[in-house]
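Peer 1: Take a look at the following structure, please.
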Amino acid sequence: MKLIHCGDIHLDSQLTTKLSKEKAQERNRELWMTFEELVAFAVQEQVQVILICGDLFDTDCPANYLVQEFFELVEEHSQISFFYVRGNHDRKKFWKSEEALPDNFYVFKTPFQQYKYGKVTITGAQCEGESLEEDLQYLQLDENQYNIVMLHGMAVNTLQQDSTEDQIPLLKLQNQGIDYLALGHIHTYEKYVLDQRGCYCYCGCLEGRGFDECGEKGFVYMELWEDDFSLRTQFVPFGKRRVYVIDVDVEQCVSSMQMVRRIEETMENSMVREKDYVRVRIVGDLPAEVEKNLSYIESAFWDSYYYFEIEDKTQYAIPYDAYQNQKTLRGEFVRLVEELEIAEEEKNQILRFGMLALSGEELPECN
Ligand SMILES: [Mn+2]
């Protein structure tokens, strides 16, 4: 039997913090198209079951047309069974009545409701705040079955009282007969041992949408042999675009133009493709008088990538020692700032602007 474990598709995302309205719309269509492609992959590989582990939609109230398209896609593929648990982003049901759901779309109306699929049992529950721990009393698995459990939330060893996240108490899921705990919520693929019998796995999201979702995203392709319950899983990188954060050391650069050149060199030797999201983090120590124009640097790359931004992590290297005994205005200023009880980063900014002012330079815009 072949299955796909996916989740965190986040259809109908805002995406406007980084992208223009038009691009955000385009990207939202891409999120949908990638999901369609996942279903096409399932057809091609003769997958029988698709597990969707929450956050199918980014919102409690997704656009009608998307809900319609989703159900149409499900109905068009009656040979595939779709199982779905809701996540923290799509906590509410996006259907009007359970009777109207497609026959091959399965939801868990009561905690840990079970569906039998030959020797395979698929069970799941919605993680809604504190309820999961109580709901665990309803988890009763037949150890002669291959047991897949679907949940959405943060797997923890001990429950944190002050956490606002949906927490999955891992220790209480051990030795319950679980073979594969299919999880959603963490946007990166991760797979671990649960107990002597089973494993737990986050499939990650299907597409990166922001800089907290770097690298390869995709889904888990599962092949299960029902005669001996052996399982082979494989993470399948998917999605149209990838998100990268790349550090570029600009320490020896004395101008913005040199920084651009340095970034170009780094990008040429990277895996980044034109269609990707890129954040270049410039790092290194710079002397105070270096000309550094972030918007100039950024604009040099705007047309080369789907999205490009610069994050400035450079430090102005102030040679404190050199000013230690200097009886000059500069010496006095450096010593004064050095003694201030403020964050190093703030000191650094003050020193830079001060040194620039003392050399008669015009001050760049400061926040
Ligand atoms: Mn989530």
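Naming works like this for the structure tokens: A, B, ... for the chains as they're shown, residue 1 at the start of each chain, ligands 1 onward in shown order.
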What are the closest atom pairs, with distances in Å to one decimal, for all residues of stretch 218-265 of chain A lying within 12 Å of stretch 45-62 of chain A? Consider only C-alpha atoms, order rows by chain and residue number, and present the result as a Markdown table.

Peer 2:
| residue | atom | partner | partner_atom | distance |
| --- | --- | --- | --- | --- |
| A:Phe219 | CA | A:Ile52 | CA | 10.1 |
| A:Val220 | CA | A:Leu51 | CA | 9.7 |
| A:Tyr221 | CA | A:Val47 | CA | 8.9 |
| A:Met222 | CA | A:Val47 | CA | 8.9 |
| A:Glu223 | CA | A:Val47 | CA | 8.9 |
| A:Leu224 | CA | A:Val47 | CA | 10.8 |

Peer 1: Emit the selected residues as a short mmCIF file (atom, residue, chain, number, x, y, z; two decimals), in the first residue's frame, including N, CA and C atoms.

Peer 2:
data_model
loop_
_atom_site.label_atom_id
_atom_site.label_comp_id
_atom_site.auth_asym_id
_atom_site.auth_seq_id
_atom_site.Cartn_x
_atom_site.Cartn_y
_atom_site.Cartn_z
N PHE A 219 6.99 16.41 0.84
CA PHE A 219 6.10 15.50 1.56
C PHE A 219 6.78 14.16 1.77
N VAL A 220 6.11 13.28 2.50
CA VAL A 220 6.67 11.95 2.76
C VAL A 220 5.90 10.92 1.93
N TYR A 221 6.64 10.14 1.18
CA TYR A 221 6.09 9.07 0.37
C TYR A 221 6.30 7.78 1.14
N MET A 222 5.22 7.05 1.40
CA MET A 222 5.30 5.86 2.26
C MET A 222 4.90 4.61 1.48
N GLU A 223 5.72 3.60 1.57
CA GLU A 223 5.37 2.30 0.99
C GLU A 223 5.27 1.31 2.13
N LEU A 224 4.11 0.70 2.26
CA LEU A 224 3.84 -0.19 3.40
C LEU A 224 3.50 -1.58 2.89
#

Peer 1: May I have the residues within 12 Å of A:Thr233 as a list in words, using only C-alpha atoms and disregarding those fewer than 3 positions away in the same chain?

Peer 2: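 The neighbour list is Met1, Lys2, Leu3, Ile4, His5, Tyr180, Ala182, Tyr189, Glu190, Lys191, Cys199, Tyr200, Cys201, Cys203, Phe219, Val220, Tyr221, Met222, Glu223, Leu224, Trp225, Ser230 and Val236 of chain A.
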
Peer 1: Mind listing the residues within 7 Å of ligand 1, only C-alpha atoms and all ligand atoms counted, as a compact mmCIF listing (two decimals) with all heavy atoms, in the first residue's frame?

Peer 2:
# COMPACT_ATOMS: atom_id res chain seq x y z
N ASP A 8 0.49 21.23 6.33
CA ASP A 8 0.97 22.62 6.31
C ASP A 8 1.08 23.18 4.89
O ASP A 8 2.10 23.75 4.51
CB ASP A 8 2.30 22.74 7.06
CG ASP A 8 2.13 22.44 8.55
OD1 ASP A 8 1.57 23.29 9.25
OD2 ASP A 8 2.50 21.33 8.98
N GLY A 54 -3.19 18.75 8.85
CA GLY A 54 -3.50 20.07 9.39
C GLY A 54 -2.91 21.23 8.62
O GLY A 54 -1.98 21.08 7.84
N ASP A 55 -3.51 22.42 8.85
CA ASP A 55 -3.10 23.64 8.17
C ASP A 55 -3.11 23.47 6.65
O ASP A 55 -2.20 23.93 5.95
CB ASP A 55 -1.74 24.15 8.67
CG ASP A 55 -1.81 24.68 10.11
OD1 ASP A 55 -2.92 24.75 10.66
OD2 ASP A 55 -0.76 25.03 10.67
N GLY A 87 -5.70 21.88 11.70
CA GLY A 87 -4.52 22.41 12.42
C GLY A 87 -4.88 23.65 13.19
O GLY A 87 -6.06 24.00 13.33
N ASN A 88 -3.87 24.35 13.67
CA ASN A 88 -4.14 25.57 14.44
C ASN A 88 -4.50 26.75 13.54
O ASN A 88 -5.05 27.74 14.00
CB ASN A 88 -2.96 25.92 15.35
CG ASN A 88 -1.67 26.11 14.59
OD1 ASN A 88 -1.34 25.33 13.69
ND2 ASN A 88 -0.92 27.15 14.91
N HIS A 89 -4.19 26.64 12.24
CA HIS A 89 -4.58 27.72 11.33
C HIS A 89 -5.96 27.50 10.75
O HIS A 89 -6.65 28.46 10.40
CB HIS A 89 -3.56 27.85 10.18
CG HIS A 89 -2.31 28.55 10.62
ND1 HIS A 89 -2.13 29.90 10.45
CD2 HIS A 89 -1.21 28.09 11.24
CE1 HIS A 89 -0.95 30.24 10.94
NE2 HIS A 89 -0.38 29.15 11.43
N HIS A 152 -1.90 17.27 14.64
CA HIS A 152 -1.24 18.53 14.28
C HIS A 152 -0.88 19.27 15.57
O HIS A 152 -1.75 19.56 16.38
CB HIS A 152 -2.18 19.40 13.43
CG HIS A 152 -1.53 20.68 12.99
ND1 HIS A 152 -1.01 20.85 11.72
CD2 HIS A 152 -1.30 21.84 13.63
CE1 HIS A 152 -0.50 22.06 11.62
NE2 HIS A 152 -0.66 22.68 12.77
N GLY A 153 0.39 19.55 15.76
CA GLY A 153 0.81 20.29 16.95
C GLY A 153 2.28 20.08 17.23
O GLY A 153 3.00 19.49 16.44
N GLY A 184 1.78 17.20 11.70
CA GLY A 184 1.88 18.47 11.00
C GLY A 184 2.16 19.55 12.02
O GLY A 184 1.94 19.34 13.21
N HIS A 185 2.65 20.68 11.57
CA HIS A 185 2.85 21.90 12.38
C HIS A 185 4.27 22.43 12.22
O HIS A 185 4.45 23.61 12.00
CB HIS A 185 2.54 21.69 13.86
CG HIS A 185 2.53 22.99 14.64
ND1 HIS A 185 1.75 24.06 14.26
CD2 HIS A 185 3.21 23.38 15.75
CE1 HIS A 185 1.95 25.06 15.13
NE2 HIS A 185 2.83 24.68 16.02
N ILE A 186 5.28 21.55 12.37
CA ILE A 186 6.65 22.00 12.13
C ILE A 186 6.88 21.97 10.62
O ILE A 186 6.53 20.99 9.97
CB ILE A 186 7.65 21.10 12.88
CG1 ILE A 186 7.50 21.35 14.37
CG2 ILE A 186 9.09 21.37 12.42
CD1 ILE A 186 8.42 20.53 15.24

Peer 1: Select from stretch 6-44 of chain A every residue with an atom at most 12 Å from any atom of stretch 295-310 of chain A, then for each give the shortest pair of atoms and their distance in Å to one decimal, using only C-alpha atoms, rows by chain and rising number, as a Markdown table.

Peer 2:
| residue | atom | partner | partner_atom | distance |
| --- | --- | --- | --- | --- |
| A:Leu15 | CA | A:Tyr307 | CA | 11.9 |
| A:Thr17 | CA | A:Tyr307 | CA | 11.7 |
| A:Lys18 | CA | A:Tyr307 | CA | 8.0 |
| A:Leu19 | CA | A:Tyr307 | CA | 7.6 |
| A:Ser20 | CA | A:Tyr307 | CA | 10.2 |
| A:Lys23 | CA | A:Tyr306 | CA | 9.2 |
| A:Ala24 | CA | A:Tyr307 | CA | 11.2 |
| A:Glu26 | CA | A:Tyr306 | CA | 11.4 |
| A:Arg27 | CA | A:Tyr306 | CA | 10.3 |

Peer 1: Let's see if you can do this: from backbone DSSP, list all alpha helix (DSSP H) residues in stretch 43-188 of chain A, as JSON, numbers by chain.

Peer 2: {"A": [43, 44, 64, 65, 66, 67, 68, 69, 70, 71, 72, 73, 74, 75, 76, 131, 132, 133, 134, 135, 170, 171, 172, 173]}

Peer 1: To one decimal place, how far is atom CA of A:Val120 from atom CA of A:Asn147 in Å?

Peer 2: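 Atom CA of A:Asn147 lies at a distance of 6.1 Å from atom CA of A:Val120.
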
Peer 1: Counting only C-alpha atoms, which of A:Val250, A:Tyr115, A:Leu358, A:Glu346 gets nearest to A:Gly331?

Peer 2: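 Among the listed residues, the smallest separation from A:Gly331 belongs to A:Leu358.
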
Peer 1: To test your reading of the structure, identify every residue in stretch 22-204 of chain A that backbone DSSP assigns to strand (DSSP E or B), and report it as a VMD selection string.

Peer 2: chain A and resid 49 to 53 57 81 to 85 105 to 107 113 to 117 120 to 124 146 to 152 154 to 156 167 to 169 180 to 184 190 to 193 199 to 202

Peer 1: A:Thr16, A:Thr314, A:Ser163, A:Thr266: which is nearest A:Val283, counting only C-alpha atoms?

Peer 2: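 Once distances to A:Val283 are computed over only C-alpha atoms, the minimum belongs to A:Thr314.
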
Peer 1: Between A:Glu216, A:Glu165, A:Asp285, A:Glu36, single out the one closest to A:Thr188, counting only C-alpha atoms.

Peer 2: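 Counting only C-alpha atoms, the residue closest to A:Thr188 is A:Glu216.
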
Peer 1: Which value, in Å to one decimal, gives the distance between atom CA of A:Asn293 and atom CA of A:Ser256?

Peer 2: 5.9 Å

Peer 1: Can you measure atom CA of A:Gln137 to atom CA of A:Leu173 for me? One decimal in Å is fine.

Peer 2: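 So the two atoms, atom CA of A:Gln137 and atom CA of A:Leu173, lie 10.7 Å apart.
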
Peer 1: So that I can see what lies close to A:Gly215, please list as a list in words the residues with an atom at most 8 Å from it, counting only C-alpha atoms and leaving out residues fewer than 3 positions away in the same chain.

Peer 2: Gly208, Arg242, Val243 and Tyr244 of chain A

Peer 1: With only C-alpha atoms as the atoms that count, which of A:Val290, A:Val156, A:Val272, A:Leu136 lies nearest to A:Leu356?

Peer 2: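 Result for the nearest residue to A:Leu356: A:Val290.
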